[in-house]
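File shown: model_7.cif. Contents: mmCIF, C-alpha atoms and all ligand atoms.
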```cif
data_data
#
loop_
_atom_site.label_atom_id
_atom_site.label_comp_id
_atom_site.auth_asym_id
_atom_site.auth_seq_id
_atom_site.Cartn_x
_atom_site.Cartn_y
_atom_site.Cartn_z
CA MET A 293 56.88 238.14 92.37
CA SER A 294 58.62 241.02 94.14
CA LYS A 295 62.11 240.52 95.43
CA ILE A 296 63.37 241.73 98.83
CA LEU A 297 66.96 241.96 100.10
CA VAL A 298 67.57 241.95 103.86
CA THR A 299 71.16 243.01 104.56
CA ARG A 300 71.56 241.18 107.88
CA ASN A 301 70.48 237.87 109.29
CA MET A 302 67.20 238.23 111.21
CA PRO A 303 64.98 235.85 113.17
CA GLU A 304 62.90 233.57 110.91
CA LYS A 305 59.58 234.77 112.33
CA PHE A 306 60.19 238.11 110.62
CA ILE A 307 61.68 236.80 107.39
CA ASP A 308 58.72 234.40 107.06
CA GLN A 309 56.36 237.37 106.91
CA LEU A 310 58.34 238.80 104.00
CA ARG A 311 58.44 235.42 102.25
CA GLU A 312 54.65 235.34 101.89
CA GLY A 313 54.28 236.14 98.21
CA HIS A 314 57.82 237.51 97.84
CA GLU A 315 61.25 236.19 97.07
CA VAL A 316 63.61 237.08 99.92
CA ILE A 317 67.39 237.15 99.97
CA VAL A 318 69.00 237.42 103.42
CA TRP A 319 72.67 238.20 104.03
CA GLU A 320 73.70 235.31 106.25
CA GLU A 321 75.79 237.07 108.90
CA PHE A 322 74.49 238.35 112.24
CA ASP A 323 77.61 240.25 113.26
CA LYS A 324 79.14 241.42 110.00
CA ALA A 325 77.91 243.97 107.51
CA ILE A 326 77.20 242.85 103.95
CA PRO A 327 80.23 243.72 101.79
CA ARG A 328 79.62 246.63 99.44
CA GLU A 329 80.19 244.49 96.34
CA THR A 330 77.65 241.92 97.51
CA LEU A 331 75.14 244.64 98.32
CA LEU A 332 75.49 246.09 94.82
CA GLU A 333 75.24 242.69 93.18
CA GLN A 334 72.28 241.42 95.20
CA SER A 335 70.27 244.63 95.11
CA LYS A 336 70.36 244.86 91.30
CA ASP A 337 66.84 243.52 90.70
CA VAL A 338 65.15 243.94 94.08
CA ASP A 339 61.93 245.86 94.77
CA ALA A 340 62.63 246.44 98.44
CA MET A 341 65.50 246.38 100.92
CA MET A 342 65.83 246.27 104.67
CA THR A 343 69.14 247.92 105.56
CA MET A 344 71.38 248.53 108.57
CA MET A 345 73.12 251.77 109.63
CA SER A 346 76.35 250.23 108.33
CA ASP A 347 75.03 250.15 104.73
CA GLN A 348 75.59 253.34 102.74
CA ILE A 349 72.56 253.76 100.49
CA ASP A 350 73.70 256.31 97.94
CA SER A 351 73.26 257.13 94.25
CA GLU A 352 75.46 254.20 93.20
CA VAL A 353 73.15 251.74 94.96
CA LEU A 354 69.95 253.44 93.83
CA GLU A 355 71.05 253.76 90.20
CA ASN A 356 72.05 250.11 90.17
CA ALA A 357 68.78 248.88 91.72
CA GLU A 358 66.38 249.89 88.98
CA ASN A 359 63.24 248.29 90.42
CA LEU A 360 63.74 249.55 93.93
CA LYS A 361 60.69 251.14 95.56
CA VAL A 362 61.45 251.19 99.27
CA VAL A 363 64.42 250.96 101.64
CA ALA A 364 63.55 250.31 105.30
CA ASN A 365 66.41 251.33 107.61
CA PHE A 366 66.74 249.39 110.86
CA ALA A 367 67.40 252.57 112.91
CA VAL A 368 65.81 255.89 113.75
CA GLY A 369 68.86 257.69 112.32
CA TYR A 370 69.28 257.68 108.54
CA ASP A 371 72.54 259.50 107.96
CA ASN A 372 73.54 256.43 105.89
CA PHE A 373 70.91 257.44 103.30
CA ASP A 374 71.63 260.01 100.59
CA LEU A 375 68.19 261.62 100.55
CA ASP A 376 68.88 263.61 97.37
CA ALA A 377 69.52 260.34 95.56
CA PHE A 378 66.31 258.87 97.05
CA LYS A 379 64.40 261.81 95.63
CA GLN A 380 66.07 261.61 92.26
CA HIS A 381 65.29 257.89 91.92
CA ASP A 382 61.84 258.19 93.47
CA VAL A 383 62.56 255.66 96.21
CA ILE A 384 60.82 255.73 99.60
CA GLY A 385 63.03 255.56 102.70
CA THR A 386 61.66 254.56 106.10
CA ASN A 387 63.17 254.50 109.61
CA THR A 388 62.14 253.19 113.05
CA PRO A 389 61.16 256.18 115.21
CA ASP A 390 59.10 255.98 118.43
CA VAL A 391 59.50 252.24 119.11
CA LEU A 392 63.07 252.79 120.35
CA THR A 393 62.69 256.14 122.11
CA GLU A 394 62.43 255.02 125.75
CA THR A 395 64.99 252.24 125.31
CA THR A 396 67.57 254.60 123.84
CA ALA A 397 66.97 257.21 126.54
CA GLU A 398 67.56 254.49 129.13
CA LEU A 399 70.89 253.51 127.62
CA GLY A 400 71.89 257.17 127.69
CA PHE A 401 70.86 257.34 131.33
CA SER A 402 72.74 254.14 132.11
CA ILE A 403 76.05 255.34 130.70
CA MET A 404 75.61 258.79 132.25
CA MET A 405 75.17 257.24 135.68
CA SER A 406 77.96 254.73 135.11
CA LEU A 407 80.29 257.61 134.33
CA ALA A 408 79.13 259.86 137.19
CA ARG A 409 79.39 257.09 139.81
CA ARG A 410 82.36 255.32 138.20
CA ILE A 411 80.57 251.99 138.01
CA VAL A 412 82.78 250.52 135.30
CA GLU A 413 85.95 251.46 137.17
CA ALA A 414 84.47 250.10 140.39
CA ASP A 415 83.62 246.78 138.75
CA HIS A 416 87.16 246.42 137.35
CA PHE A 417 88.55 247.36 140.77
CA MET A 418 86.54 244.60 142.46
CA LYS A 419 87.32 241.97 139.87
CA ASN A 420 91.03 242.82 139.96
CA GLY A 421 91.04 242.15 143.72
CA GLU A 422 92.08 245.72 144.52
CA TRP A 423 89.63 246.28 147.40
CA THR A 424 91.87 246.24 150.41
CA GLY A 425 89.86 248.45 152.73
CA TRP A 426 87.40 251.25 153.12
CA SER A 427 88.67 254.75 152.46
CA PRO A 428 86.78 258.01 152.51
CA PHE A 429 87.15 258.99 148.87
CA LEU A 430 87.47 255.55 147.31
CA LEU A 431 85.98 255.77 143.80
CA SER A 432 84.06 258.87 144.74
CA GLY A 433 82.17 260.33 141.80
CA THR A 434 79.75 263.14 141.14
CA ASP A 435 76.04 263.58 141.84
CA ILE A 436 73.37 263.93 139.20
CA PHE A 437 70.47 265.11 141.39
CA ASN A 438 69.98 268.90 141.46
CA LYS A 439 72.52 269.39 138.66
CA THR A 440 72.08 271.33 135.43
CA VAL A 441 71.83 269.01 132.46
CA GLY A 442 71.96 270.32 128.88
CA ILE A 443 70.36 268.30 126.12
CA TYR A 444 71.48 268.93 122.55
CA GLY A 445 68.70 267.71 120.24
CA MET A 446 65.22 267.78 121.77
CA GLY A 447 63.47 265.16 119.63
CA SER A 448 61.65 262.22 121.11
CA ILE A 449 64.78 260.72 122.64
CA GLY A 450 65.89 264.04 124.15
CA THR A 451 62.41 264.48 125.59
CA ALA A 452 62.40 260.97 127.07
CA PHE A 453 65.80 261.71 128.62
CA ALA A 454 64.55 265.00 130.08
CA ARG A 455 61.51 263.26 131.56
CA ARG A 456 63.80 260.90 133.43
CA LEU A 457 65.86 263.83 134.74
CA GLN A 458 62.76 265.28 136.40
CA GLY A 459 62.96 262.43 138.90
CA PHE A 460 66.47 263.63 139.79
CA ASN A 461 65.27 267.19 140.33
CA CYS A 462 67.65 268.43 137.64
CA ASN A 463 67.58 271.81 135.99
CA VAL A 464 67.22 270.84 132.33
CA LEU A 465 68.35 273.09 129.48
CA TYR A 466 68.09 272.19 125.82
CA HIS A 467 69.14 273.39 122.44
CA ASN A 468 67.41 272.31 119.26
CA ARG A 469 67.05 273.54 115.68
CA SER A 470 63.67 274.90 116.73
CA ARG A 471 61.93 275.25 120.07
CA ASN A 472 59.96 272.23 121.22
CA ASP A 473 56.98 273.57 123.20
CA GLU A 474 55.61 270.12 123.89
CA ALA A 475 58.89 268.98 125.44
CA GLU A 476 59.07 272.17 127.51
CA GLN A 477 55.60 271.57 128.89
CA LEU A 478 56.18 267.89 129.50
CA THR A 479 59.60 268.14 131.13
CA GLY A 480 60.13 271.72 132.27
CA ALA A 481 63.25 271.91 130.07
CA LYS A 482 64.30 275.45 129.15
CA TYR A 483 65.49 276.45 125.68
CA CYS A 484 68.84 278.22 125.39
CA GLU A 485 71.54 278.98 122.82
CA PHE A 486 74.15 276.31 122.22
CA ASP A 487 76.96 278.30 123.84
CA GLU A 488 74.96 278.87 126.98
CA LEU A 489 74.04 275.18 127.07
CA VAL A 490 77.64 274.00 127.03
CA GLN A 491 78.86 276.75 129.35
CA SER A 492 76.34 276.27 132.12
CA SER A 493 75.65 272.53 132.13
CA ASP A 494 77.20 270.07 134.55
CA ILE A 495 76.29 267.28 132.15
CA VAL A 496 75.92 267.75 128.39
CA VAL A 497 73.97 265.08 126.52
CA CYS A 498 73.91 264.78 122.72
CA THR A 499 70.76 263.11 121.34
CA ALA A 500 70.65 264.94 118.00
CA PRO A 501 70.38 263.40 114.54
CA LEU A 502 73.52 263.75 112.41
CA ASN A 503 73.33 266.20 109.51
CA ASP A 504 75.34 269.07 108.03
CA GLY A 505 74.15 271.38 110.81
CA THR A 506 75.10 269.09 113.70
CA LYS A 507 78.26 267.42 112.38
CA ASP A 508 81.47 268.12 114.39
CA LYS A 509 79.47 270.27 116.82
CA PHE A 510 81.49 268.94 119.76
CA ASN A 511 84.98 270.19 118.94
CA LYS A 512 87.83 271.92 120.77
CA GLU A 513 86.00 275.22 120.91
CA THR A 514 82.94 273.52 122.46
CA PHE A 515 84.91 271.49 125.00
CA ASP A 516 86.87 274.62 125.97
CA LYS A 517 83.59 276.32 126.89
CA MET A 518 82.44 273.47 129.14
CA LYS A 519 83.05 273.41 132.88
CA GLU A 520 86.13 271.52 134.07
CA SER A 521 83.77 269.34 136.05
CA ALA A 522 81.53 268.66 133.03
CA LEU A 523 80.51 265.20 131.87
CA PHE A 524 79.71 264.64 128.20
CA VAL A 525 77.31 261.91 127.06
CA ASN A 526 76.81 260.98 123.39
CA ILE A 527 73.99 258.74 122.20
CA GLY A 528 73.59 260.62 118.88
CA ARG A 529 76.22 259.76 116.28
CA GLY A 530 80.00 259.61 116.35
CA GLY A 531 80.02 262.29 113.65
CA HIS A 532 78.85 264.88 116.18
CA VAL A 533 82.22 264.71 117.91
CA VAL A 534 85.75 265.57 116.80
CA GLU A 535 87.31 262.66 118.65
CA GLU A 536 90.88 264.03 118.86
CA ASP A 537 89.46 267.17 120.49
CA LEU A 538 87.47 265.14 123.00
CA LEU A 539 90.51 263.02 123.87
CA GLU A 540 92.59 266.17 124.35
CA ALA A 541 89.85 267.71 126.54
CA ILE A 542 89.80 264.61 128.75
CA GLN A 543 93.58 264.22 128.95
CA SER A 544 94.16 267.90 129.73
CA GLU A 545 91.28 267.77 132.25
CA SER A 546 89.45 270.59 130.55
CA ILE A 547 86.35 268.38 131.03
CA LYS A 548 85.95 265.58 133.54
CA GLY A 549 84.69 262.60 131.59
CA ALA A 550 82.65 261.21 128.72
CA ALA A 551 80.21 258.36 128.15
CA LEU A 552 79.90 257.34 124.53
CA ASP A 553 77.70 254.84 122.70
CA VAL A 554 78.63 256.04 119.19
CA PHE A 555 81.92 256.61 117.35
CA ARG A 556 83.28 258.09 114.10
CA GLU A 557 84.35 254.65 112.96
CA GLU A 558 82.25 251.64 113.96
CA PRO A 559 83.53 249.21 114.92
CA MET A 560 86.44 251.29 116.19
CA LYS A 561 89.98 249.88 116.05
CA THR A 562 90.96 247.98 119.18
CA ASP A 563 93.82 250.43 119.80
CA HIS A 564 91.52 253.46 119.76
CA PRO A 565 92.84 255.85 122.46
CA PHE A 566 89.37 256.17 124.09
CA LEU A 567 89.69 252.54 125.18
CA LYS A 568 92.65 253.40 127.42
CA GLU A 569 90.92 256.18 129.35
CA ASP A 570 89.26 255.41 132.70
CA ARG A 571 87.31 258.63 132.39
CA ILE A 572 85.66 257.55 129.17
CA VAL A 573 82.87 254.96 129.41
CA THR A 574 82.22 253.20 126.10
CA THR A 575 79.45 250.96 124.76
CA PRO A 576 79.25 249.51 121.23
CA HIS A 577 76.28 251.45 119.76
CA ILE A 578 73.64 249.57 121.75
CA GLY A 579 71.24 252.46 122.38
CA SER A 580 68.15 250.60 121.18
CA ALA A 581 69.43 247.11 121.97
CA THR A 582 66.84 245.43 124.15
CA VAL A 583 65.20 242.27 122.88
CA ASP A 584 61.71 243.80 122.97
CA THR A 585 62.69 246.97 121.15
CA ARG A 586 64.78 245.23 118.51
CA ASP A 587 61.77 243.00 117.76
CA LYS A 588 59.57 246.08 117.39
CA MET A 589 62.12 247.74 115.10
CA ILE A 590 62.32 244.69 112.82
CA GLN A 591 58.53 244.40 112.71
CA LEU A 592 58.25 248.07 111.75
CA CYS A 593 60.75 247.56 108.90
CA VAL A 594 58.79 244.51 107.71
CA ASP A 595 55.47 246.39 107.85
CA ASN A 596 56.91 249.38 105.99
CA ILE A 597 58.18 247.12 103.21
CA LEU A 598 54.97 245.07 102.94
CA ASN A 599 52.83 248.22 102.88
CA VAL A 600 54.77 249.76 100.00
CA LEU A 601 54.85 246.50 98.01
CA ASP A 602 51.06 246.25 98.53
CA GLY A 603 50.62 249.76 97.14
CA LYS A 604 49.79 251.26 100.55
CA ASP A 605 51.47 254.14 102.36
CA PRO A 606 54.58 253.39 104.40
CA ILE A 607 54.05 253.75 108.17
CA THR A 608 57.15 255.78 109.02
CA PRO A 609 58.48 257.43 105.86
CA ILE A 610 61.53 259.68 106.03
CA ASN A 611 60.80 261.36 102.70
CA LYS A 612 57.47 261.86 100.99
C1 LIG B 1 70.58 254.01 116.30
O1 LIG B 1 71.56 254.65 116.47
C2 LIG B 1 69.46 254.43 115.54
O2 LIG B 1 69.56 255.45 114.84
O3 LIG B 1 68.43 253.75 115.61
C1 LIG B 2 65.63 262.10 117.79
O1 LIG B 2 66.03 262.50 118.86
C2 LIG B 2 64.44 261.28 117.57
O2 LIG B 2 63.93 260.70 118.51
O3 LIG B 2 63.99 261.20 116.41
#
```

Could I get this structure in the form of structure tokens?
Amino acid sequence: MSKILVTRNMPEKFIDQLREGHEVIVWEEFDKAIPRETLLEQSKDVDAMMTMMSDQIDSEVLENAENLKVVANFAVGYDNFDLDAFKQHDVIGTNTPDVLTETTAELGFSIMMSLARRIVEADHFMKNGEWTGWSPFLLSGTDIFNKTVGIYGMGSIGTAFARRLQGFNCNVLYHNRSRNDEAEQLTGAKYCEFDELVQSSDIVVCTAPLNDGTKDKFNKETFDKMKESALFVNIGRGGHVVEEDLLEAIQSESIKGAALDVFREEPMKTDHPFLKEDRIVTTPHIGSATVDTRDKMIQLCVDNILNVLDGKDPITPINK
């Protein structure tokens, strides 16, 4: 009987599917990552694992788990996987693309609009009883319609974001490792160099995957090139941003504001300086967090695992 480790508590209807013909171990917590030691201990003799972004799956894990055939990551991003080690140990990695694309674009849109129209500040203002009368520039923000929006990373999520911007009559620029003709045709987005993107955009949106080429891309030099009125939105990974440089750019008003769903350290410390800034909107990495989409992501992980254990091809492999 094959053995499967699931590194986070999941609804029974999904675990039950894995239990048919397999032994399944489930880490009991919903809100806390499996400790590294426990992961190493419990993965020792498993054939398959379903993992979270918070689990580092590296050569130590793969060497230790001798029977391992497949690791299904509960995310589209897989920067927590050491792909060289996967190759060396002949283990298949899978992710959850496509099912979360529209949902993640919508979260990006939500925090962009919240920042532009100061929705979070306005809500605090109301709840603090500060509304004493109408005034012409009370909580006045910035428009999105007709603006130039630059998308860094034109994969499926970037494309879904650009499609939404069409409804706002925006001029959409993008930068990507390679040109994306399909996205250009679908959304009217125009390819440009990274420097031009950050220099000419009113809103810069990062939807890129994290890798050696994209890490730390948003640093002092980048923020210095942006307009003083620029808004920065990040739904990629915290690793794309040098956080001290972003904080400095906001505090010195070299850019206007930021909306961030992802951070270098997650969860961040409660005294993180971003949490004190009105001009930074934060959400706790909930890009794909709708009930429907999370269900689809779990089902895709389950199907990937069951396929591989049945000797079939995985549905969404990262590596071949
Ligand atoms: C979330 O960030 C994901 O990669 O799915
Ligand atoms: C990245 O943007 C993706 O959708 O894979």

| request: Residues within 7 Å of ligand LIG 1 (chain B) should be enumerated using only C-alpha atoms and all ligand atoms and returned as a PyMOL selection string. | output: chain A and resi 366-370+388+528-529+577+579-580

| message | As a quick test: using all atoms listed in the file, which residues lie no more than 9 Å away from ligand LIG 2 (chain B)? Give them as an MDAnalysis selection string. | response | chainID A and resid 368:369 388:390 392:393 396 445:452 499:501 528

Create the file for the chosen residues now, containing C-alpha atoms and written as a PDB file, in the frame of the given file.
```
ATOM      1  CA  VAL A 368      65.810 255.890 113.750  1.00  0.00           C
ATOM      2  CA  GLY A 369      68.860 257.690 112.320  1.00  0.00           C
ATOM      3  CA  THR A 388      62.140 253.190 113.050  1.00  0.00           C
ATOM      4  CA  PRO A 389      61.160 256.180 115.210  1.00  0.00           C
ATOM      5  CA  ASP A 390      59.100 255.980 118.430  1.00  0.00           C
ATOM      6  CA  LEU A 392      63.070 252.790 120.350  1.00  0.00           C
ATOM      7  CA  THR A 393      62.690 256.140 122.110  1.00  0.00           C
ATOM      8  CA  THR A 396      67.570 254.600 123.840  1.00  0.00           C
ATOM      9  CA  GLY A 445      68.700 267.710 120.240  1.00  0.00           C
ATOM     10  CA  MET A 446      65.220 267.780 121.770  1.00  0.00           C
ATOM     11  CA  GLY A 447      63.470 265.160 119.630  1.00  0.00           C
ATOM     12  CA  SER A 448      61.650 262.220 121.110  1.00  0.00           C
ATOM     13  CA  ILE A 449      64.780 260.720 122.640  1.00  0.00           C
ATOM     14  CA  GLY A 450      65.890 264.040 124.150  1.00  0.00           C
ATOM     15  CA  THR A 451      62.410 264.480 125.590  1.00  0.00           C
ATOM     16  CA  ALA A 452      62.400 260.970 127.070  1.00  0.00           C
ATOM     17  CA  THR A 499      70.760 263.110 121.340  1.00  0.00           C
ATOM     18  CA  ALA A 500      70.650 264.940 118.000  1.00  0.00           C
ATOM     19  CA  PRO A 501      70.380 263.400 114.540  1.00  0.00           C
ATOM     20  CA  GLY A 528      73.590 260.620 118.880  1.00  0.00           C
TER      21      GLY A 528
END
```

| note | Students should find that atom CA of Leu331 of chain A and atom CA of Gly313 of chain A are spaced 22.5 Å

| said: If I take atom CA of Glu398 of chain A and atom CA of Arg410 of chain A, how far is one from the other in Å, to one decimal? | reply: 17.4 Å

| said: If I take atom CA of Asn503 of chain A and atom CA of Asp376 of chain A, how far is one from the other in Å, to one decimal? | reply: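 Computing it gives 13.2 Å between the two atoms.
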
| said: Need to verify the contact set: Thr575 of chain A, 12 Å, all atoms listed in the file, exclusion of same-chain residues closer than 6 positions in sequence. Can you return it as a PyMOL selection string? | reply: chain A and resi 399-400+402-404+406-407+412+525-527+550-555+558-560+566-567+581

How would segment 304-315 of chain A read, as a PDB file, keeping the file's coordinate frame, once N, CA, C and O atoms are built in?
```pdb
ATOM      1  N   GLU A 304      63.774 234.125 111.957  1.00  0.00           N
ATOM      2  CA  GLU A 304      62.900 233.570 110.910  1.00  0.00           C
ATOM      3  C   GLU A 304      61.474 234.104 110.989  1.00  0.00           C
ATOM      4  O   GLU A 304      60.816 234.276 109.974  1.00  0.00           O
ATOM      5  N   LYS A 305      60.990 234.341 112.219  1.00  0.00           N
ATOM      6  CA  LYS A 305      59.580 234.770 112.330  1.00  0.00           C
ATOM      7  C   LYS A 305      59.320 236.074 111.571  1.00  0.00           C
ATOM      8  O   LYS A 305      58.203 236.323 111.138  1.00  0.00           O
ATOM      9  N   PHE A 306      60.363 236.874 111.396  1.00  0.00           N
ATOM     10  CA  PHE A 306      60.190 238.110 110.620  1.00  0.00           C
ATOM     11  C   PHE A 306      60.380 237.856 109.128  1.00  0.00           C
ATOM     12  O   PHE A 306      59.618 238.359 108.305  1.00  0.00           O
ATOM     13  N   ILE A 307      61.408 237.085 108.811  1.00  0.00           N
ATOM     14  CA  ILE A 307      61.680 236.800 107.390  1.00  0.00           C
ATOM     15  C   ILE A 307      60.496 236.058 106.769  1.00  0.00           C
ATOM     16  O   ILE A 307      60.124 236.317 105.624  1.00  0.00           O
ATOM     17  N   ASP A 308      59.879 235.162 107.562  1.00  0.00           N
ATOM     18  CA  ASP A 308      58.720 234.400 107.060  1.00  0.00           C
ATOM     19  C   ASP A 308      57.590 235.326 106.602  1.00  0.00           C
ATOM     20  O   ASP A 308      56.911 235.040 105.631  1.00  0.00           O
ATOM     21  N   GLN A 309      57.417 236.431 107.315  1.00  0.00           N
ATOM     22  CA  GLN A 309      56.360 237.370 106.910  1.00  0.00           C
ATOM     23  C   GLN A 309      56.658 237.972 105.546  1.00  0.00           C
ATOM     24  O   GLN A 309      55.763 238.186 104.732  1.00  0.00           O
ATOM     25  N   LEU A 310      57.953 238.229 105.298  1.00  0.00           N
ATOM     26  CA  LEU A 310      58.340 238.800 104.000  1.00  0.00           C
ATOM     27  C   LEU A 310      58.210 237.757 102.895  1.00  0.00           C
ATOM     28  O   LEU A 310      57.918 238.073 101.749  1.00  0.00           O
ATOM     29  N   ARG A 311      58.443 236.500 103.257  1.00  0.00           N
ATOM     30  CA  ARG A 311      58.440 235.420 102.250  1.00  0.00           C
ATOM     31  C   ARG A 311      57.052 235.161 101.683  1.00  0.00           C
ATOM     32  O   ARG A 311      56.935 234.576 100.617  1.00  0.00           O
ATOM     33  N   GLU A 312      56.003 235.575 102.410  1.00  0.00           N
ATOM     34  CA  GLU A 312      54.650 235.340 101.890  1.00  0.00           C
ATOM     35  C   GLU A 312      54.425 236.148 100.621  1.00  0.00           C
ATOM     36  O   GLU A 312      54.219 237.351 100.664  1.00  0.00           O
ATOM     37  N   GLY A 313      54.513 235.478  99.501  1.00  0.00           N
ATOM     38  CA  GLY A 313      54.280 236.140  98.210  1.00  0.00           C
ATOM     39  C   GLY A 313      55.479 236.868  97.638  1.00  0.00           C
ATOM     40  O   GLY A 313      55.374 237.530  96.611  1.00  0.00           O
ATOM     41  N   HIS A 314      56.642 236.813  98.336  1.00  0.00           N
ATOM     42  CA  HIS A 314      57.820 237.510  97.840  1.00  0.00           C
ATOM     43  C   HIS A 314      59.035 236.592  97.875  1.00  0.00           C
ATOM     44  O   HIS A 314      59.103 235.675  98.701  1.00  0.00           O
ATOM     45  N   GLU A 315      59.970 236.906  97.000  1.00  0.00           N
ATOM     46  CA  GLU A 315      61.250 236.190  97.070  1.00  0.00           C
ATOM     47  C   GLU A 315      62.168 237.004  97.981  1.00  0.00           C
ATOM     48  O   GLU A 315      62.282 238.226  97.813  1.00  0.00           O
TER      49      GLU A 315
END
```
